[in-house]
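What's in my_file.tsv: TSV, N, CA and C atoms and all ligand atoms
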chain	number	residue	atom	x	y	z
A	1	MET	N	132.94	110.22	74.92
A	1	MET	CA	131.91	109.85	75.91
A	1	MET	C	131.27	111.13	76.47
A	2	PRO	N	129.98	111.31	76.27
A	2	PRO	CA	129.36	112.51	76.85
A	2	PRO	C	129.36	112.43	78.37
A	3	GLU	N	129.35	113.59	79.00
A	3	GLU	CA	129.35	113.63	80.46
A	3	GLU	C	127.92	113.55	80.98
A	4	TYR	N	127.65	112.57	81.80
A	4	TYR	CA	126.32	112.50	82.42
A	4	TYR	C	126.41	112.92	83.87
A	5	SER	N	125.40	113.62	84.35
A	5	SER	CA	125.39	114.02	85.75
A	5	SER	C	125.16	112.79	86.63
A	6	GLU	N	125.48	112.95	87.90
A	6	GLU	CA	125.27	111.82	88.82
A	6	GLU	C	123.80	111.42	88.88
A	7	LYS	N	122.94	112.43	88.81
A	7	LYS	CA	121.50	112.14	88.88
A	7	LYS	C	121.05	111.31	87.70
A	8	VAL	N	121.56	111.63	86.51
A	8	VAL	CA	121.19	110.84	85.33
A	8	VAL	C	121.64	109.40	85.54
A	9	MET	N	122.89	109.22	86.01
A	9	MET	CA	123.41	107.88	86.20
A	9	MET	C	122.61	107.10	87.24
A	10	GLU	N	122.21	107.81	88.29
A	10	GLU	CA	121.43	107.20	89.37
A	10	GLU	C	120.10	106.67	88.81
A	11	HIS	N	119.42	107.52	88.05
A	11	HIS	CA	118.11	107.12	87.52
A	11	HIS	C	118.25	106.09	86.40
A	12	PHE	N	119.39	106.12	85.72
A	12	PHE	CA	119.61	105.12	84.66
A	12	PHE	C	119.89	103.76	85.27
A	13	LYS	N	120.72	103.75	86.33
A	13	LYS	CA	121.11	102.48	86.94
A	13	LYS	C	119.96	101.86	87.73
A	14	SER	N	119.23	102.67	88.47
A	14	SER	CA	118.09	102.10	89.20
A	14	SER	C	116.85	102.96	88.96
A	15	PRO	N	116.28	102.82	87.77
A	15	PRO	CA	115.09	103.62	87.45
A	15	PRO	C	113.94	103.29	88.38
A	16	LYS	N	113.17	104.33	88.70
A	16	LYS	CA	112.03	104.13	89.59
A	16	LYS	C	110.76	104.12	88.77
A	17	ASN	N	109.77	103.39	89.26
A	17	ASN	CA	108.44	103.37	88.64
A	17	ASN	C	108.41	102.73	87.26
A	18	VAL	N	109.23	101.70	87.08
A	18	VAL	CA	109.20	100.99	85.80
A	18	VAL	C	108.02	100.04	85.79
A	19	GLY	N	107.36	99.93	84.66
A	19	GLY	CA	106.29	98.94	84.51
A	19	GLY	C	105.06	99.54	83.89
A	20	GLU	N	103.97	98.81	84.05
A	20	GLU	CA	102.73	99.22	83.44
A	20	GLU	C	101.64	99.03	84.48
A	21	ILE	N	100.80	100.03	84.71
A	21	ILE	CA	99.74	99.89	85.71
A	21	ILE	C	98.59	99.10	85.08
A	22	ALA	N	98.21	98.02	85.74
A	22	ALA	CA	97.08	97.24	85.24
A	22	ALA	C	95.80	98.05	85.45
A	23	GLY	N	94.96	98.09	84.43
A	23	GLY	CA	93.71	98.85	84.53
A	23	GLY	C	93.97	100.34	84.71
A	24	ALA	N	94.97	100.86	83.98
A	24	ALA	CA	95.35	102.27	84.10
A	24	ALA	C	94.19	103.18	83.70
A	25	ASP	N	94.17	104.38	84.32
A	25	ASP	CA	93.13	105.36	83.98
A	25	ASP	C	93.49	106.12	82.70
A	26	GLY	N	94.78	106.17	82.38
A	26	GLY	CA	95.21	106.86	81.16
A	26	GLY	C	96.50	106.26	80.65
A	27	VAL	N	96.65	106.24	79.31
A	27	VAL	CA	97.84	105.69	78.68
A	27	VAL	C	98.39	106.70	77.67
A	28	GLY	N	99.67	106.93	77.70
A	28	GLY	CA	100.29	107.85	76.74
A	28	GLY	C	101.52	107.22	76.13
A	29	GLU	N	101.55	107.21	74.79
A	29	GLU	CA	102.70	106.61	74.11
A	29	GLU	C	103.28	107.62	73.13
A	30	VAL	N	104.59	107.75	73.14
A	30	VAL	CA	105.22	108.61	72.14
A	30	VAL	C	106.49	107.95	71.61
A	31	GLY	N	106.85	108.33	70.39
A	31	GLY	CA	108.08	107.84	69.79
A	31	GLY	C	108.96	109.04	69.47
A	32	ASN	N	110.27	108.83	69.52
A	32	ASN	CA	111.19	109.90	69.20
A	32	ASN	C	111.58	109.82	67.72
A	33	PRO	N	111.22	110.84	66.95
A	33	PRO	CA	111.51	110.78	65.51
A	33	PRO	C	113.01	110.78	65.22
A	34	VAL	N	113.81	111.30	66.15
A	34	VAL	CA	115.25	111.38	65.89
A	34	VAL	C	115.89	109.99	65.89
A	35	CYS	N	115.49	109.15	66.86
A	35	CYS	CA	116.19	107.87	67.01
A	35	CYS	C	115.26	106.67	66.95
A	36	GLY	N	113.94	106.92	66.98
A	36	GLY	CA	113.00	105.80	66.91
A	36	GLY	C	112.70	105.17	68.24
A	37	ASP	N	113.23	105.72	69.33
A	37	ASP	CA	112.94	105.16	70.66
A	37	ASP	C	111.48	105.42	71.05
A	38	MET	N	110.99	104.58	71.97
A	38	MET	CA	109.58	104.65	72.36
A	38	MET	C	109.43	104.75	73.88
A	39	MET	N	108.37	105.42	74.28
A	39	MET	CA	108.10	105.56	75.71
A	39	MET	C	106.60	105.43	75.95
A	40	LYS	N	106.25	104.70	77.00
A	40	LYS	CA	104.83	104.53	77.32
A	40	LYS	C	104.61	104.84	78.80
A	41	PHE	N	103.67	105.71	79.07
A	41	PHE	CA	103.33	106.05	80.45
A	41	PHE	C	101.92	105.57	80.76
A	42	THR	N	101.74	104.99	81.95
A	42	THR	CA	100.39	104.66	82.42
A	42	THR	C	100.19	105.37	83.75
A	43	ILE	N	98.96	105.87	83.95
A	43	ILE	CA	98.69	106.64	85.17
A	43	ILE	C	97.43	106.15	85.88
A	44	LYS	N	97.43	106.37	87.18
A	44	LYS	CA	96.26	106.10	88.01
A	44	LYS	C	95.88	107.44	88.64
A	45	VAL	N	94.62	107.81	88.50
A	45	VAL	CA	94.18	109.13	88.98
A	45	VAL	C	93.19	108.98	90.12
A	46	LYS	N	93.40	109.78	91.18
A	46	LYS	CA	92.43	109.80	92.27
A	46	LYS	C	92.24	111.24	92.72
A	47	ASP	N	90.99	111.68	92.81
A	47	ASP	CA	90.66	113.05	93.23
A	47	ASP	C	91.49	114.09	92.47
A	48	ASP	N	91.57	113.91	91.15
A	48	ASP	CA	92.28	114.85	90.29
A	48	ASP	C	93.80	114.90	90.52
A	49	ARG	N	94.32	113.89	91.19
A	49	ARG	CA	95.76	113.82	91.41
A	49	ARG	C	96.33	112.54	90.83
A	50	LEU	N	97.62	112.58	90.47
A	50	LEU	CA	98.28	111.37	89.97
A	50	LEU	C	98.68	110.51	91.16
A	51	GLU	N	97.90	109.47	91.34
A	51	GLU	CA	98.16	108.59	92.48
A	51	GLU	C	99.34	107.67	92.18
A	52	ASP	N	99.44	107.26	90.91
A	52	ASP	CA	100.55	106.39	90.51
A	52	ASP	C	100.92	106.68	89.05
A	53	VAL	N	102.21	106.58	88.78
A	53	VAL	CA	102.73	106.82	87.43
A	53	VAL	C	103.78	105.75	87.14
A	54	LYS	N	103.64	105.05	86.03
A	54	LYS	CA	104.65	104.06	85.68
A	54	LYS	C	105.03	104.23	84.21
A	55	PHE	N	106.23	103.77	83.87
A	55	PHE	CA	106.67	103.92	82.48
A	55	PHE	C	107.38	102.67	81.96
A	56	LEU	N	107.32	102.53	80.65
A	56	LEU	CA	108.13	101.54	79.95
A	56	LEU	C	108.86	102.30	78.86
A	57	THR	N	110.17	102.20	78.83
A	57	THR	CA	110.93	102.94	77.83
A	57	THR	C	111.84	102.00	77.07
A	58	PHE	N	111.67	102.01	75.76
A	58	PHE	CA	112.56	101.24	74.90
A	58	PHE	C	113.48	102.28	74.28
A	59	GLY	N	114.55	102.62	75.01
A	59	GLY	CA	115.37	103.69	74.49
A	59	GLY	C	116.71	103.76	75.18
A	60	CYS	N	117.38	104.85	74.93
A	60	CYS	CA	118.74	105.01	75.44
A	60	CYS	C	118.74	105.30	76.94
A	61	GLY	N	119.92	105.32	77.52
A	61	GLY	CA	120.05	105.58	78.94
A	61	GLY	C	119.46	106.91	79.36
A	62	ALA	N	119.68	107.93	78.57
A	62	ALA	CA	119.15	109.25	78.92
A	62	ALA	C	117.63	109.22	78.93
A	63	ALA	N	117.03	108.52	77.97
A	63	ALA	CA	115.57	108.43	77.90
A	63	ALA	C	115.03	107.69	79.12
A	64	ILE	N	115.74	106.69	79.57
A	64	ILE	CA	115.31	105.94	80.75
A	64	ILE	C	115.40	106.83	81.99
A	65	ALA	N	116.50	107.56	82.12
A	65	ALA	CA	116.66	108.46	83.27
A	65	ALA	C	115.57	109.53	83.25
A	66	VAL	N	115.25	110.04	82.06
A	66	VAL	CA	114.21	111.07	81.93
A	66	VAL	C	112.86	110.50	82.37
A	67	SER	N	112.51	109.31	81.90
A	67	SER	CA	111.21	108.72	82.28
A	67	SER	C	111.12	108.51	83.77
A	68	SER	N	112.22	108.01	84.34
A	68	SER	CA	112.23	107.75	85.78
A	68	SER	C	112.01	109.05	86.55
A	69	MET	N	112.66	110.11	86.12
A	69	MET	CA	112.53	111.41	86.79
A	69	MET	C	111.12	111.98	86.60
A	70	VAL	N	110.58	111.88	85.40
A	70	VAL	CA	109.23	112.40	85.15
A	70	VAL	C	108.23	111.71	86.08
A	71	ALA	N	108.34	110.39	86.17
A	71	ALA	CA	107.40	109.63	87.00
A	71	ALA	C	107.53	110.06	88.46
A	72	GLU	N	108.76	110.23	88.93
A	72	GLU	CA	108.99	110.65	90.31
A	72	GLU	C	108.40	112.02	90.58
A	73	MET	N	108.64	112.94	89.64
A	73	MET	CA	108.19	114.32	89.84
A	73	MET	C	106.67	114.41	89.78
A	74	ALA	N	106.08	113.62	88.88
A	74	ALA	CA	104.64	113.77	88.61
A	74	ALA	C	103.77	113.14	89.69
A	75	LYS	N	104.29	112.12	90.34
A	75	LYS	CA	103.49	111.42	91.34
A	75	LYS	C	103.04	112.37	92.43
A	76	GLY	N	101.74	112.39	92.69
A	76	GLY	CA	101.22	113.26	93.75
A	76	GLY	C	100.78	114.63	93.24
A	77	MET	N	101.18	114.97	92.01
A	77	MET	CA	100.77	116.28	91.45
A	77	MET	C	99.30	116.24	91.05
A	78	THR	N	98.66	117.42	91.02
A	78	THR	CA	97.33	117.48	90.43
A	78	THR	C	97.52	117.36	88.91
A	79	LEU	N	96.45	117.05	88.20
A	79	LEU	CA	96.57	116.89	86.74
A	79	LEU	C	97.03	118.19	86.09
A	80	ASP	N	96.51	119.33	86.58
A	80	ASP	CA	96.91	120.61	86.01
A	80	ASP	C	98.39	120.89	86.24
A	81	GLU	N	98.86	120.57	87.44
A	81	GLU	CA	100.30	120.76	87.73
A	81	GLU	C	101.15	119.90	86.80
A	82	ALA	N	100.73	118.65	86.65
A	82	ALA	CA	101.50	117.72	85.82
A	82	ALA	C	101.50	118.16	84.35
A	83	MET	N	100.42	118.78	83.91
A	83	MET	CA	100.35	119.25	82.51
A	83	MET	C	101.34	120.40	82.29
A	84	LYS	N	101.71	121.08	83.39
A	84	LYS	CA	102.64	122.22	83.25
A	84	LYS	C	104.11	121.78	83.33
A	85	LEU	N	104.32	120.53	83.69
A	85	LEU	CA	105.69	120.01	83.77
A	85	LEU	C	106.28	119.97	82.35
A	86	THR	N	107.44	120.58	82.19
A	86	THR	CA	108.02	120.61	80.84
A	86	THR	C	109.27	119.73	80.76
A	87	ASN	N	109.64	119.42	79.53
A	87	ASN	CA	110.85	118.64	79.31
A	87	ASN	C	112.07	119.36	79.87
A	88	LYS	N	112.00	120.68	79.82
A	88	LYS	CA	113.12	121.49	80.36
A	88	LYS	C	113.22	121.31	81.87
A	89	ASP	N	112.04	121.31	82.56
A	89	ASP	CA	112.05	121.11	84.02
A	89	ASP	C	112.72	119.79	84.35
A	90	VAL	N	112.41	118.78	83.54
A	90	VAL	CA	112.92	117.44	83.82
A	90	VAL	C	114.43	117.40	83.60
A	91	ALA	N	114.90	117.96	82.51
A	91	ALA	CA	116.35	117.99	82.23
A	91	ALA	C	117.06	118.74	83.35
A	92	LYS	N	116.41	119.81	83.84
A	92	LYS	CA	117.00	120.60	84.92
A	92	LYS	C	117.09	119.77	86.21
A	93	ALA	N	116.02	119.04	86.50
A	93	ALA	CA	116.00	118.22	87.71
A	93	ALA	C	117.07	117.13	87.65
A	94	LEU	N	117.46	116.76	86.44
A	94	LEU	CA	118.51	115.75	86.27
A	94	LEU	C	119.89	116.40	86.24
A	95	ASP	N	119.95	117.70	86.57
A	95	ASP	CA	121.20	118.46	86.49
A	95	ASP	C	121.75	118.50	85.07
A	96	GLY	N	120.84	118.54	84.13
A	96	GLY	CA	121.23	118.71	82.73
A	96	GLY	C	121.53	117.42	82.02
A	97	LEU	N	121.52	117.49	80.69
A	97	LEU	CA	121.87	116.35	79.85
A	97	LEU	C	122.92	116.85	78.86
A	98	PRO	N	123.80	115.98	78.39
A	98	PRO	CA	124.76	116.42	77.38
A	98	PRO	C	124.01	116.95	76.15
A	99	GLY	N	124.57	117.94	75.50
A	99	GLY	CA	123.90	118.60	74.37
A	99	GLY	C	123.34	117.64	73.34
A	100	ASN	N	124.12	116.63	72.99
A	100	ASN	CA	123.65	115.72	71.94
A	100	ASN	C	122.61	114.73	72.46
A	101	LYS	N	122.25	114.86	73.74
A	101	LYS	CA	121.24	113.97	74.32
A	101	LYS	C	120.00	114.75	74.74
A	102	MET	N	119.97	116.03	74.45
A	102	MET	CA	118.81	116.84	74.85
A	102	MET	C	117.54	116.32	74.18
A	103	HIS	N	117.66	115.82	72.96
A	103	HIS	CA	116.45	115.34	72.28
A	103	HIS	C	115.79	114.19	73.04
A	104	CYS	N	116.59	113.48	73.83
A	104	CYS	CA	116.05	112.35	74.58
A	104	CYS	C	115.10	112.82	75.68
A	105	SER	N	115.27	114.06	76.12
A	105	SER	CA	114.40	114.56	77.19
A	105	SER	C	113.03	114.95	76.64
A	106	ASN	N	112.92	115.02	75.32
A	106	ASN	CA	111.66	115.49	74.74
A	106	ASN	C	110.50	114.53	74.96
A	107	LEU	N	110.82	113.26	75.10
A	107	LEU	CA	109.73	112.28	75.20
A	107	LEU	C	109.02	112.29	76.55
A	108	GLY	N	109.76	112.48	77.61
A	108	GLY	CA	109.24	112.26	78.96
A	108	GLY	C	107.94	112.96	79.27
A	109	ALA	N	107.99	114.30	79.30
A	109	ALA	CA	106.79	115.05	79.67
A	109	ALA	C	105.70	114.85	78.62
A	110	ASP	N	106.09	114.70	77.36
A	110	ASP	CA	105.09	114.50	76.30
A	110	ASP	C	104.26	113.24	76.55
A	111	ALA	N	104.95	112.16	76.92
A	111	ALA	CA	104.24	110.90	77.15
A	111	ALA	C	103.30	111.02	78.35
A	112	LEU	N	103.77	111.72	79.38
A	112	LEU	CA	102.93	111.93	80.56
A	112	LEU	C	101.70	112.76	80.20
A	113	HIS	N	101.91	113.83	79.45
A	113	HIS	CA	100.79	114.69	79.06
A	113	HIS	C	99.77	113.93	78.23
A	114	LYS	N	100.28	113.06	77.36
A	114	LYS	CA	99.37	112.26	76.53
A	114	LYS	C	98.51	111.35	77.39
A	115	ALA	N	99.12	110.77	78.42
A	115	ALA	CA	98.38	109.88	79.32
A	115	ALA	C	97.28	110.66	80.04
A	116	ILE	N	97.59	111.90	80.43
A	116	ILE	CA	96.58	112.72	81.12
A	116	ILE	C	95.46	113.10	80.15
A	117	GLU	N	95.84	113.44	78.92
A	117	GLU	CA	94.82	113.77	77.91
A	117	GLU	C	93.92	112.55	77.65
A	118	ASP	N	94.54	111.40	77.60
A	118	ASP	CA	93.78	110.16	77.39
A	118	ASP	C	92.78	109.96	78.52
A	119	TYR	N	93.23	110.19	79.75
A	119	TYR	CA	92.34	110.08	80.92
A	119	TYR	C	91.18	111.06	80.80
A	120	ARG	N	91.50	112.31	80.47
A	120	ARG	CA	90.46	113.35	80.40
A	120	ARG	C	89.45	113.04	79.31
A	121	GLN	N	89.94	112.52	78.20
A	121	GLN	CA	89.04	112.16	77.10
A	121	GLN	C	88.09	111.05	77.53
A	122	LYS	N	88.64	110.08	78.25
A	122	LYS	CA	87.81	108.97	78.72
A	122	LYS	C	86.75	109.48	79.69
A	123	GLN	N	87.13	110.46	80.53
A	123	GLN	CA	86.17	111.02	81.49
A	123	GLN	C	85.03	111.74	80.76
A	124	ALA	N	85.41	112.42	79.69
A	124	ALA	CA	84.44	113.25	78.96
A	124	ALA	C	83.46	112.41	78.16
A	125	SER	N	83.88	111.21	77.78
A	125	SER	CA	83.00	110.42	76.90
A	125	SER	C	82.03	109.55	77.70
A	201	LIG	FE1	116.71	107.86	71.56
A	201	LIG	FE2	117.90	108.98	73.49
A	201	LIG	S1	118.81	108.18	71.71
A	201	LIG	S2	115.79	108.77	73.23
Please express what this file holds, its structure, as structure tokens.
Amino acid sequence: MPEYSEKVMEHFKSPKNVGEIAGADGVGEVGNPVCGDMMKFTIKVKDDRLEDVKFLTFGCGAAIAVSSMVAEMAKGMTLDEAMKLTNKDVAKALDGLPGNKMHCSNLGADALHKAIEDYRQKQAS
């Protein structure tokens, strides 16, 4: 049994910001090539800030904890700040992940960044 930090367990047991924002300003979806798990982020943007962030994750416990943490951290950030958020920052905020679960942290920030790129593309067109 890998060792999970208390923070991972907390976010796994009661994940925050689960769901899908209706009429989202941006949508980002990514899949994990290692295990096939999927993550979808929807965002609401106001005055260049992330007003709301929600996620749906079809994946393991670590992936769920990562999504929950990403959404928590990103809310209220400017788009530029959120683009700088890395998977490493997220794993660190969760007090680390077991070595064989590090790949699960890869999806979180990527899905968020994709949602922001989607928003920016829509703005530009
Ligand atoms: Fe798939 Fe963790 S095992 S994301």
Compare A:Ser67, A:Ala115, A:Leu56, A:Gly36 by their minimum atom-to-atom distance to ligand LIG 201 (chain A), counting only N, CA and C atoms and all ligand atoms, and give me the closest one. A:Gly36
Using all atoms listed in the file, what are the residues with an atom within 8 Å of ligand LIG 201 (chain A), set out as a list in words? Gly31, Asn32, Pro33, Val34, Cys35, Gly36, Asp37, Met38, Phe58, Gly59, Cys60, Gly61, Ala62, Ala63, Ile64, Asn100, Lys101, Met102, His103, Cys104, Ser105, Asn106 and Leu107 of chain A
To one decimal place in Å, what is the distance between atom C of A:Val27 and atom C of A:Lys7? 25.2 Å
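Atom pair atom CA of A:Gln123 / atom CA of A:Ala24: separated by 12.9 Å.
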Point-to-point distance from atom N of A:Gly28 to atom C of A:Leu94, Å rounded to tenths: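 Value for the atom N of A:Gly28-atom C of A:Leu94 distance: 23.9 Å.
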Write out as a ChimeraX atom specification which residues come within 8 Å of A:Glu3 when counting all atoms listed in the file, dropping same-chain ones fewer than 5 positions away. /A:96-99
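Take the candidates A:Met73, A:Gly26, A:Gly19, A:Ala91 and check each one against A:Thr57 using only N, CA and C atoms; the shortest distance goes to A:Gly19.
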Considering only C-alpha atoms, can you say which of A:Leu112, A:Ala93, A:Val30, A:Met69 comes closest to A:Thr42?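 Using only C-alpha atoms, the shortest distance to A:Thr42 belongs to A:Leu112.
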Please, which residues of chain A, numbered as in this document, come out strand (DSSP E or B) from DSSP, as an mmCIF file with N, CA and C atoms, in the frame of the given file?
data_model
loop_
_atom_site.group_PDB
_atom_site.id
_atom_site.type_symbol
_atom_site.label_atom_id
_atom_site.label_comp_id
_atom_site.auth_asym_id
_atom_site.auth_seq_id
_atom_site.Cartn_x
_atom_site.Cartn_y
_atom_site.Cartn_z
ATOM 1 N N VAL A 18 109.230 101.700 87.080
ATOM 2 C CA VAL A 18 109.200 100.990 85.800
ATOM 3 C C VAL A 18 108.020 100.040 85.790
ATOM 4 N N GLY A 26 94.780 106.170 82.380
ATOM 5 C CA GLY A 26 95.210 106.860 81.160
ATOM 6 C C GLY A 26 96.500 106.260 80.650
ATOM 7 N N VAL A 27 96.650 106.240 79.310
ATOM 8 C CA VAL A 27 97.840 105.690 78.680
ATOM 9 C C VAL A 27 98.390 106.700 77.670
ATOM 10 N N GLY A 28 99.670 106.930 77.700
ATOM 11 C CA GLY A 28 100.290 107.850 76.740
ATOM 12 C C GLY A 28 101.520 107.220 76.130
ATOM 13 N N GLU A 29 101.550 107.210 74.790
ATOM 14 C CA GLU A 29 102.700 106.610 74.110
ATOM 15 C C GLU A 29 103.280 107.620 73.130
ATOM 16 N N VAL A 30 104.590 107.750 73.140
ATOM 17 C CA VAL A 30 105.220 108.610 72.140
ATOM 18 C C VAL A 30 106.490 107.950 71.610
ATOM 19 N N GLY A 31 106.850 108.330 70.390
ATOM 20 C CA GLY A 31 108.080 107.840 69.790
ATOM 21 C C GLY A 31 108.960 109.040 69.470
ATOM 22 N N MET A 38 110.990 104.580 71.970
ATOM 23 C CA MET A 38 109.580 104.650 72.360
ATOM 24 C C MET A 38 109.430 104.750 73.880
ATOM 25 N N MET A 39 108.370 105.420 74.280
ATOM 26 C CA MET A 39 108.100 105.560 75.710
ATOM 27 C C MET A 39 106.600 105.430 75.950
ATOM 28 N N LYS A 40 106.250 104.700 77.000
ATOM 29 C CA LYS A 40 104.830 104.530 77.320
ATOM 30 C C LYS A 40 104.610 104.840 78.800
ATOM 31 N N PHE A 41 103.670 105.710 79.070
ATOM 32 C CA PHE A 41 103.330 106.050 80.450
ATOM 33 C C PHE A 41 101.920 105.570 80.760
ATOM 34 N N THR A 42 101.740 104.990 81.950
ATOM 35 C CA THR A 42 100.390 104.660 82.420
ATOM 36 C C THR A 42 100.190 105.370 83.750
ATOM 37 N N ILE A 43 98.960 105.870 83.950
ATOM 38 C CA ILE A 43 98.690 106.640 85.170
ATOM 39 C C ILE A 43 97.430 106.150 85.880
ATOM 40 N N LYS A 44 97.430 106.370 87.180
ATOM 41 C CA LYS A 44 96.260 106.100 88.010
ATOM 42 C C LYS A 44 95.880 107.440 88.640
ATOM 43 N N VAL A 45 94.620 107.810 88.500
ATOM 44 C CA VAL A 45 94.180 109.130 88.980
ATOM 45 C C VAL A 45 93.190 108.980 90.120
ATOM 46 N N LYS A 46 93.400 109.780 91.180
ATOM 47 C CA LYS A 46 92.430 109.800 92.270
ATOM 48 C C LYS A 46 92.240 111.240 92.720
ATOM 49 N N ARG A 49 94.320 113.890 91.190
ATOM 50 C CA ARG A 49 95.760 113.820 91.410
ATOM 51 C C ARG A 49 96.330 112.540 90.830
ATOM 52 N N LEU A 50 97.620 112.580 90.470
ATOM 53 C CA LEU A 50 98.280 111.370 89.970
ATOM 54 C C LEU A 50 98.680 110.510 91.160
ATOM 55 N N GLU A 51 97.900 109.470 91.340
ATOM 56 C CA GLU A 51 98.160 108.590 92.480
ATOM 57 C C GLU A 51 99.340 107.670 92.180
ATOM 58 N N ASP A 52 99.440 107.260 90.910
ATOM 59 C CA ASP A 52 100.550 106.390 90.510
ATOM 60 C C ASP A 52 100.920 106.680 89.050
ATOM 61 N N VAL A 53 102.210 106.580 88.780
ATOM 62 C CA VAL A 53 102.730 106.820 87.430
ATOM 63 C C VAL A 53 103.780 105.750 87.140
ATOM 64 N N LYS A 54 103.640 105.050 86.030
ATOM 65 C CA LYS A 54 104.650 104.060 85.680
ATOM 66 C C LYS A 54 105.030 104.230 84.210
ATOM 67 N N PHE A 55 106.230 103.770 83.870
ATOM 68 C CA PHE A 55 106.670 103.920 82.480
ATOM 69 C C PHE A 55 107.380 102.670 81.960
ATOM 70 N N LEU A 56 107.320 102.530 80.650
ATOM 71 C CA LEU A 56 108.130 101.540 79.950
ATOM 72 C C LEU A 56 108.860 102.300 78.860
ATOM 73 N N THR A 57 110.170 102.200 78.830
ATOM 74 C CA THR A 57 110.930 102.940 77.830
ATOM 75 C C THR A 57 111.840 102.000 77.070
ATOM 76 N N PHE A 58 111.670 102.010 75.760
ATOM 77 C CA PHE A 58 112.560 101.240 74.900
ATOM 78 C C PHE A 58 113.480 102.280 74.280
ATOM 79 N N THR A 78 98.660 117.420 91.020
ATOM 80 C CA THR A 78 97.330 117.480 90.430
ATOM 81 C C THR A 78 97.520 117.360 88.910
#
Tell me which of A:Ala109, A:Met9, A:Leu50, A:Ala74 sits closest to A:Lys88, counting all atoms listed in the file.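 Using all atoms listed in the file, A:Lys88 sits closest to A:Ala109.
Distances from A:Asp89, A:Asp110, A:Asp52, A:Glu81 to A:Glu29 were compared using only N, CA and C atoms, and the smallest one belongs to A:Asp110.
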Top pick for closest residue to A:His113, considering A:Met83, A:Val8, A:Val18, A:Val70 and counting only C-alpha atoms: A:Met83
